Each structure stands twice: as C-alpha cells, then as structure tokens.
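Worksheet: the structure to be examined is printed underneath.
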Amino acid sequence: MATAAPSAASRIAVVTGASGGIGAATARRLAAAGYRVVLTARRKDRIEALAEEINKAGHKATAYELDVTDRAAVDEFATAFKTIGVLINNAGGALGADPVATGDPADWRTMYETNVLGTLNVTQALLPALTASGDGTVVVVSSTAGHGTYEGGAGYVAAKHGAHVLAETLRLEIVGTPVRVIEIAPGMVRTDEFALTRFGGDAEKAAKVYAGVAEPLTADDVADTISWAVTRPSHVNIDLLVVRPRAQASNTKVHREL
C-alpha cells in the first residue's frame, strides 16, 4: 500500500551515523520517500558525497559534520531547526569481542558514549523541534544485542541494552505528545565496516562472523524496515521491531552451511 508523502511540517529527517552502512541506506530510502534528509557523521567527505548523490537523484539532502558524543556540537547543530519530523539515531557500533574478565574498559566507555550518550545527546537537543512539528518520530536503531546476551559481547550488549531502555523509557515519558518513539533492533547485518571495525581491521576475524551464512541482512534490508516504520500513519507506533535474517534464530543460534 502506498504511503503519503510527509507533510511540510514534518518533512525533515535527521540521520546520525549516515556515512555508511545502515545510516547511508536509510538516508537514501527516506529521501526517496519525500523527506529532506540531513546527514550527520564524523566523516565529512563521506556524507558530502552521499548528499551529492541524493541531490543528483532529484531528492534533497544536506551534510553536517557531527560527533554525537560532543554535546556542545550537538546543541549548536540543533539550533538550525525550529521543527523536524524524524530523527534516526543510528550512530553507534561495537568494539572488541573479549570476555568480561579481560575486556578493555576504554572500548566499553567508547561504546557506551556512542550508542547511549550519543543517542541521548541528539534526542534531547532535537526533541523540542520534533514536538513543534506536531508529528515527530524518534527512531532508535538498537540491536538484538539489546534484547539478549552472548559470550564475548558484554560491552556491546550492555550499550545496546542501554539504548533499548532509553527508547522504552522515553516512550513512557512523552506519551500524549505528538512524538512517536520507534526502536528497530537488527540481528546479523553484513555491512562493509561493522565487523571490520569491531575487530580492529582484522579482515579474517570479520569474515568469520558471516561464514557459511547464505544471506545475512543487508543495510538496505534494515533501511527498508526503518522507512516502513517511519511512514506508517501518525497514530501508528511501531514500539519495537526485531529483524533478523532467516538463518538466525537468536544471537547464538545461526544456521551455517560450512
């Protein structure tokens, strides 16, 4: 069923972590759906190239270099908007796969600051503009790691549990306002950078994450899910949507054809 184009008051969509993967794919999807997308990330060259691509396709996009963990920079960014319709909290990521006994506290801190405090910073800063639109949507891209644990993943799991609880609590606290809170929790998604970053650039370790899995999710699969949730009628709130590849039954149960 076709969805209506966003209204003028809610046509701006801010996407964090838009320099690649799920963020970039989501920006393309929302732009095609009629939103003017604001691309934010630390890698300025990447988001500028994506904005150019989207604009050349006949849609609307602007790029803004932003580190979501820098609260002063986030607050300054937010002053540019009186109203926005959609905020996609996508910036995040995983570092390492060490057990609790030997995990690097610096990695844990970085994951918490990006996945949780970064989401908090941007959501707090833009919530007035989302509310002012009269039809706002906050999306938190968490992970199935936010709903179940696995060995070697405690730091990332803890951070994504934090992101999940942030979304769940915000929904309770702002009920009655014209703002929806949606959580999208992807399972195994194969992107160019996620596993590679997690394992410090070790391509062999990164490849093992997906070994034997015929069809992991793609960034575009998740972006399609996000776009669908955002473009539901205003009175429909997709509280939580968990999306996995067919081959993955849980965080620890994956069918591999080896």
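Chain labels follow the order of the structure tokens: the first chain is A, the next B, and so on; residue numbering restarts at 1 in every chain, and ligands are counted from 1 in their shown order.
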
**Asked** Residues at most 7 Å from region 88-95 of chain A, counting only C-alpha atoms, excluding those fewer than 4 positions away in the same chain, as a PyMOL selection string?
**Response** chain A and resi 14-17+23+107+111+114-115+119+138-141+156+194+197-199

In region 64-208 of chain A, DSSP strand (DSSP E) residues written as a PDB file with N, CA, C and O atoms, in the first residue's frame:
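Final file, selection28.pdb:
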ATOM      1  N   TYR A  64      26.177  17.491   7.390  1.00  0.00           N
ATOM      2  CA  TYR A  64      26.635  18.270   8.539  1.00  0.00           C
ATOM      3  C   TYR A  64      27.574  17.395   9.353  1.00  0.00           C
ATOM      4  O   TYR A  64      27.168  16.375   9.902  1.00  0.00           O
ATOM      5  N   GLU A  65      28.835  17.784   9.407  1.00  0.00           N
ATOM      6  CA  GLU A  65      29.819  17.025  10.176  1.00  0.00           C
ATOM      7  C   GLU A  65      29.485  17.111  11.666  1.00  0.00           C
ATOM      8  O   GLU A  65      29.347  18.206  12.216  1.00  0.00           O
ATOM      9  N   VAL A  86      11.594  13.803  11.737  1.00  0.00           N
ATOM     10  CA  VAL A  86      12.129  12.475  12.043  1.00  0.00           C
ATOM     11  C   VAL A  86      13.576  12.588  12.512  1.00  0.00           C
ATOM     12  O   VAL A  86      14.370  13.327  11.933  1.00  0.00           O
ATOM     13  N   LEU A  87      13.894  11.843  13.548  1.00  0.00           N
ATOM     14  CA  LEU A  87      15.274  11.689  13.991  1.00  0.00           C
ATOM     15  C   LEU A  87      15.605  10.207  13.972  1.00  0.00           C
ATOM     16  O   LEU A  87      14.948   9.409  14.647  1.00  0.00           O
ATOM     17  N   ILE A  88      16.621   9.846  13.207  1.00  0.00           N
ATOM     18  CA  ILE A  88      17.097   8.469  13.165  1.00  0.00           C
ATOM     19  C   ILE A  88      18.393   8.395  13.957  1.00  0.00           C
ATOM     20  O   ILE A  88      19.447   8.850  13.505  1.00  0.00           O
ATOM     21  N   ASN A  89      18.321   7.851  15.161  1.00  0.00           N
ATOM     22  CA  ASN A  89      19.513   7.655  15.990  1.00  0.00           C
ATOM     23  C   ASN A  89      20.194   6.355  15.568  1.00  0.00           C
ATOM     24  O   ASN A  89      19.907   5.276  16.094  1.00  0.00           O
ATOM     25  N   GLY A 136       6.112  14.254  15.168  1.00  0.00           N
ATOM     26  CA  GLY A 136       7.512  13.851  15.197  1.00  0.00           C
ATOM     27  C   GLY A 136       7.697  12.356  15.418  1.00  0.00           C
ATOM     28  O   GLY A 136       6.837  11.680  15.970  1.00  0.00           O
ATOM     29  N   THR A 137       8.848  11.866  14.980  1.00  0.00           N
ATOM     30  CA  THR A 137       9.200  10.454  15.174  1.00  0.00           C
ATOM     31  C   THR A 137      10.656  10.346  15.574  1.00  0.00           C
ATOM     32  O   THR A 137      11.536  10.859  14.871  1.00  0.00           O
ATOM     33  N   VAL A 138      10.901   9.688  16.694  1.00  0.00           N
ATOM     34  CA  VAL A 138      12.263   9.351  17.117  1.00  0.00           C
ATOM     35  C   VAL A 138      12.474   7.871  16.845  1.00  0.00           C
ATOM     36  O   VAL A 138      11.688   7.033  17.300  1.00  0.00           O
ATOM     37  N   VAL A 139      13.510   7.541  16.102  1.00  0.00           N
ATOM     38  CA  VAL A 139      13.875   6.147  15.867  1.00  0.00           C
ATOM     39  C   VAL A 139      15.208   5.869  16.547  1.00  0.00           C
ATOM     40  O   VAL A 139      16.169   6.619  16.361  1.00  0.00           O
ATOM     41  N   VAL A 140      15.253   4.817  17.330  1.00  0.00           N
ATOM     42  CA  VAL A 140      16.499   4.344  17.922  1.00  0.00           C
ATOM     43  C   VAL A 140      16.851   3.027  17.242  1.00  0.00           C
ATOM     44  O   VAL A 140      16.087   2.059  17.322  1.00  0.00           O
ATOM     45  N   VAL A 141      17.974   3.011  16.533  1.00  0.00           N
ATOM     46  CA  VAL A 141      18.449   1.780  15.916  1.00  0.00           C
ATOM     47  C   VAL A 141      19.315   1.072  16.960  1.00  0.00           C
ATOM     48  O   VAL A 141      20.451   1.473  17.219  1.00  0.00           O
ATOM     49  N   VAL A 179       4.753  12.927  19.393  1.00  0.00           N
ATOM     50  CA  VAL A 179       6.031  12.326  19.003  1.00  0.00           C
ATOM     51  C   VAL A 179       5.977  10.819  19.263  1.00  0.00           C
ATOM     52  O   VAL A 179       5.671  10.391  20.378  1.00  0.00           O
ATOM     53  N   ARG A 180       6.283  10.050  18.241  1.00  0.00           N
ATOM     54  CA  ARG A 180       6.375   8.600  18.381  1.00  0.00           C
ATOM     55  C   ARG A 180       7.807   8.207  18.710  1.00  0.00           C
ATOM     56  O   ARG A 180       8.756   8.902  18.327  1.00  0.00           O
ATOM     57  N   VAL A 181       7.974   7.073  19.385  1.00  0.00           N
ATOM     58  CA  VAL A 181       9.303   6.526  19.650  1.00  0.00           C
ATOM     59  C   VAL A 181       9.332   5.094  19.139  1.00  0.00           C
ATOM     60  O   VAL A 181       8.594   4.230  19.628  1.00  0.00           O
ATOM     61  N   ILE A 182      10.182   4.860  18.172  1.00  0.00           N
ATOM     62  CA  ILE A 182      10.287   3.566  17.498  1.00  0.00           C
ATOM     63  C   ILE A 182      11.672   2.989  17.750  1.00  0.00           C
ATOM     64  O   ILE A 182      12.678   3.698  17.644  1.00  0.00           O
ATOM     65  N   GLU A 183      11.726   1.715  18.064  1.00  0.00           N
ATOM     66  CA  GLU A 183      13.014   1.026  18.179  1.00  0.00           C
ATOM     67  C   GLU A 183      13.089  -0.062  17.125  1.00  0.00           C
ATOM     68  O   GLU A 183      12.198  -0.911  17.027  1.00  0.00           O
ATOM     69  N   ILE A 184      14.152  -0.031  16.335  1.00  0.00           N
ATOM     70  CA  ILE A 184      14.425  -1.069  15.348  1.00  0.00           C
ATOM     71  C   ILE A 184      15.664  -1.824  15.827  1.00  0.00           C
ATOM     72  O   ILE A 184      16.719  -1.223  16.037  1.00  0.00           O
ATOM     73  N   ALA A 185      15.521  -3.141  16.001  1.00  0.00           N
ATOM     74  CA  ALA A 185      16.610  -3.954  16.553  1.00  0.00           C
ATOM     75  C   ALA A 185      17.053  -4.995  15.526  1.00  0.00           C
ATOM     76  O   ALA A 185      16.476  -6.085  15.441  1.00  0.00           O
ATOM     77  N   PRO A 186      18.065  -4.688  14.720  1.00  0.00           N
ATOM     78  CA  PRO A 186      18.531  -5.648  13.719  1.00  0.00           C
ATOM     79  C   PRO A 186      19.391  -6.752  14.337  1.00  0.00           C
ATOM     80  O   PRO A 186      20.102  -6.542  15.324  1.00  0.00           O
TER      81      PRO A 186
END

**Request:** Give me the residues within 12 Å of Ala106 (chain A) as a ChimeraX atom specification, counting only C-alpha atoms and dropping any in the same chain fewer than 4 places off.
**Result:** /A:95-96,102,110-113,155

**Prompt:** So which residues touch Glu215 (chain A) within 10 Å, counting only C-alpha atoms, skipping near sequence neighbours fewer than 4 positions away, as a list in words?
**Reply:** Met188, Val189, Arg190, Tyr210, Pro245, Arg246, Ala247 and Gln248 of chain A

**Request:** Do a neighbour search on Glu76 (chain A) at 12 Å with only C-alpha atoms, toss out local chain neighbours closer than 5 positions, and write the hits as a list of chain:residue names.
**Result:** A:Tyr64, A:Glu65, A:Leu66, A:Asp67, A:Val68, A:Asp70, A:Arg71, A:Phe81, A:Asn121, A:Val122, A:Ala125, A:Leu126

**Message:** as a PyMOL selection string, please: every residue in region 12-185 of chain A that DSSP puts in helix (DSSP H, G or I).
**Reply:** chain A and resi 21-32+44-56+71-78+105-132+144-146+154-173

**Message:** Can you pull out the residues contacting region 28-33 of chain A? Cut-off 10 Å, using only C-alpha atoms, and skip same-chain residues under 6 positions away; I want them as a PyMOL selection string.
**Reply:** chain A and resi 3-6+11-15+18+22+50-51+53-55+57-61+86+220+223-228+230-231

Quick one: write out the picked residues with N, CA, C and O atoms as a compact mmCIF listing (two decimals), in the first residue's frame?
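Contents of the output file selection20.txt:
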# COMPACT_ATOMS: atom_id res chain seq x y z
N THR A 3 2.27 4.95 0.68
CA THR A 3 2.21 5.82 1.84
C THR A 3 2.22 7.27 1.38
O THR A 3 2.77 7.61 0.33
N ALA A 4 1.60 8.13 2.18
CA ALA A 4 1.53 9.54 1.83
C ALA A 4 2.88 10.20 2.03
O ALA A 4 3.67 9.80 2.88
N ALA A 5 3.16 11.21 1.23
CA ALA A 5 4.40 11.98 1.40
C ALA A 5 4.33 12.73 2.72
O ALA A 5 3.24 13.09 3.19
N PRO A 6 5.48 12.96 3.36
CA PRO A 6 5.46 13.68 4.63
C PRO A 6 4.94 15.10 4.46
O PRO A 6 5.14 15.72 3.42
N ARG A 11 8.79 17.24 7.21
CA ARG A 11 9.49 16.66 6.07
C ARG A 11 11.00 16.54 6.27
O ARG A 11 11.69 15.99 5.41
N ILE A 12 11.54 17.06 7.35
CA ILE A 12 12.98 16.98 7.58
C ILE A 12 13.30 15.75 8.42
O ILE A 12 12.68 15.52 9.46
N ALA A 13 14.26 14.96 7.96
CA ALA A 13 14.70 13.78 8.69
C ALA A 13 16.20 13.87 8.94
O ALA A 13 16.99 13.99 8.00
N VAL A 14 16.58 13.84 10.19
CA VAL A 14 17.99 13.86 10.58
C VAL A 14 18.44 12.42 10.79
O VAL A 14 17.80 11.66 11.52
N VAL A 15 19.55 12.07 10.16
CA VAL A 15 20.09 10.71 10.27
C VAL A 15 21.51 10.79 10.82
O VAL A 15 22.38 11.40 10.20
N ALA A 18 25.45 8.64 9.27
CA ALA A 18 24.99 8.48 7.88
C ALA A 18 26.12 8.28 6.88
O ALA A 18 25.87 8.27 5.67
N ILE A 22 23.96 1.14 7.49
CA ILE A 22 22.53 1.34 7.71
C ILE A 22 22.15 2.82 7.61
O ILE A 22 21.12 3.17 7.06
N LEU A 50 27.52 11.53 -0.22
CA LEU A 50 26.18 10.95 -0.19
C LEU A 50 25.12 12.02 -0.47
O LEU A 50 24.16 11.78 -1.22
N ALA A 51 25.30 13.19 0.11
CA ALA A 51 24.36 14.29 -0.14
C ALA A 51 24.34 14.64 -1.62
O ALA A 51 23.27 14.87 -2.22
N GLU A 53 25.06 12.65 -4.10
CA GLU A 53 24.38 11.54 -4.80
C GLU A 53 22.86 11.66 -4.70
O GLU A 53 22.14 11.51 -5.70
N ILE A 54 22.37 11.95 -3.50
CA ILE A 54 20.93 12.05 -3.27
C ILE A 54 20.35 13.24 -4.04
O ILE A 54 19.28 13.14 -4.66
N ASN A 55 21.05 14.36 -4.02
CA ASN A 55 20.57 15.55 -4.74
C ASN A 55 20.56 15.33 -6.26
O ASN A 55 19.64 15.77 -6.95
N ALA A 57 19.98 12.63 -7.66
CA ALA A 57 18.86 11.73 -7.95
C ALA A 57 17.52 12.46 -7.91
O ALA A 57 16.47 11.85 -8.13
N GLY A 58 17.57 13.77 -7.63
CA GLY A 58 16.35 14.56 -7.64
C GLY A 58 15.69 14.70 -6.28
O GLY A 58 14.57 15.21 -6.18
N HIS A 59 16.39 14.28 -5.23
CA HIS A 59 15.86 14.39 -3.88
C HIS A 59 16.61 15.51 -3.15
O HIS A 59 17.37 16.25 -3.77
N LYS A 60 16.41 15.63 -1.85
CA LYS A 60 17.01 16.73 -1.10
C LYS A 60 17.82 16.21 0.08
O LYS A 60 17.31 15.45 0.90
N ALA A 61 19.07 16.66 0.15
CA ALA A 61 19.94 16.24 1.25
C ALA A 61 20.98 17.31 1.54
O ALA A 61 21.44 18.01 0.63
N VAL A 86 11.59 13.80 11.74
CA VAL A 86 12.13 12.47 12.04
C VAL A 86 13.58 12.59 12.51
O VAL A 86 14.37 13.33 11.93
N ASP A 220 20.42 -2.25 3.37
CA ASP A 220 19.19 -1.82 2.73
C ASP A 220 17.97 -2.55 3.29
O ASP A 220 16.88 -1.98 3.34
N ALA A 223 17.25 -0.56 6.34
CA ALA A 223 16.74 0.76 5.93
C ALA A 223 15.30 0.67 5.46
O ALA A 223 14.48 1.55 5.75
N ASP A 224 14.96 -0.38 4.74
CA ASP A 224 13.60 -0.60 4.28
C ASP A 224 12.66 -0.75 5.48
O ASP A 224 11.55 -0.20 5.49
N THR A 225 13.12 -1.47 6.49
CA THR A 225 12.33 -1.66 7.71
C THR A 225 12.11 -0.33 8.43
O THR A 225 11.01 -0.02 8.89
N ILE A 226 13.18 0.46 8.54
CA ILE A 226 13.08 1.77 9.20
C ILE A 226 12.13 2.68 8.44
O ILE A 226 11.24 3.32 9.03
N SER A 227 12.28 2.73 7.12
CA SER A 227 11.43 3.59 6.31
C SER A 227 9.96 3.18 6.44
O SER A 227 9.07 4.03 6.55
N TRP A 228 9.71 1.88 6.44
CA TRP A 228 8.33 1.39 6.60
C TRP A 228 7.75 1.85 7.93
O TRP A 228 6.63 2.36 7.99
N VAL A 230 8.64 4.38 9.85
CA VAL A 230 8.51 5.84 9.90
C VAL A 230 7.31 6.33 9.10
O VAL A 230 6.66 7.30 9.47
N THR A 231 7.01 5.65 8.01
CA THR A 231 5.96 6.12 7.12
C THR A 231 4.59 5.52 7.42
O THR A 231 3.65 5.67 6.62

**Asked** Using only C-alpha atoms, which residues sit within 12 Å of Glu151 (chain A) once same-chain residues fewer than 6 positions away are excluded, as a PyMOL selection string?
**Response** chain A and resi 96-101+103+145+157+251-252

Near region 130-135 of chain A, 10 Å: region 154-244 of chain A residue rows, closest pairs, only C-alpha atoms, as CSV:
residue,atom,partner,partner_atom,distance
A:Ile174,CA,A:Thr131,CA,9.8
A:Thr177,CA,A:Thr131,CA,7.0
A:Pro178,CA,A:Asp135,CA,5.2
A:Val179,CA,A:Asp135,CA,5.9
A:Arg180,CA,A:Asp135,CA,8.0
A:Ser234,CA,A:Asp135,CA,6.8
A:His235,CA,A:Asp135,CA,9.4

Residues from the last selection, C-alpha atoms, saved as a PDB file, in the first residue's frame:
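part_24.pdb, written as the output of this step:
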ATOM      1  CA  ILE A 174       6.372  11.656  26.395  1.00  0.00           C
ATOM      2  CA  THR A 177       2.809  14.484  22.944  1.00  0.00           C
ATOM      3  CA  PRO A 178       2.816  14.370  19.117  1.00  0.00           C
ATOM      4  CA  VAL A 179       6.031  12.326  19.003  1.00  0.00           C
ATOM      5  CA  ARG A 180       6.375   8.600  18.381  1.00  0.00           C
ATOM      6  CA  SER A 234       0.834   9.148  12.558  1.00  0.00           C
ATOM      7  CA  HIS A 235      -1.359   7.286  15.051  1.00  0.00           C
TER       8      HIS A 235
END
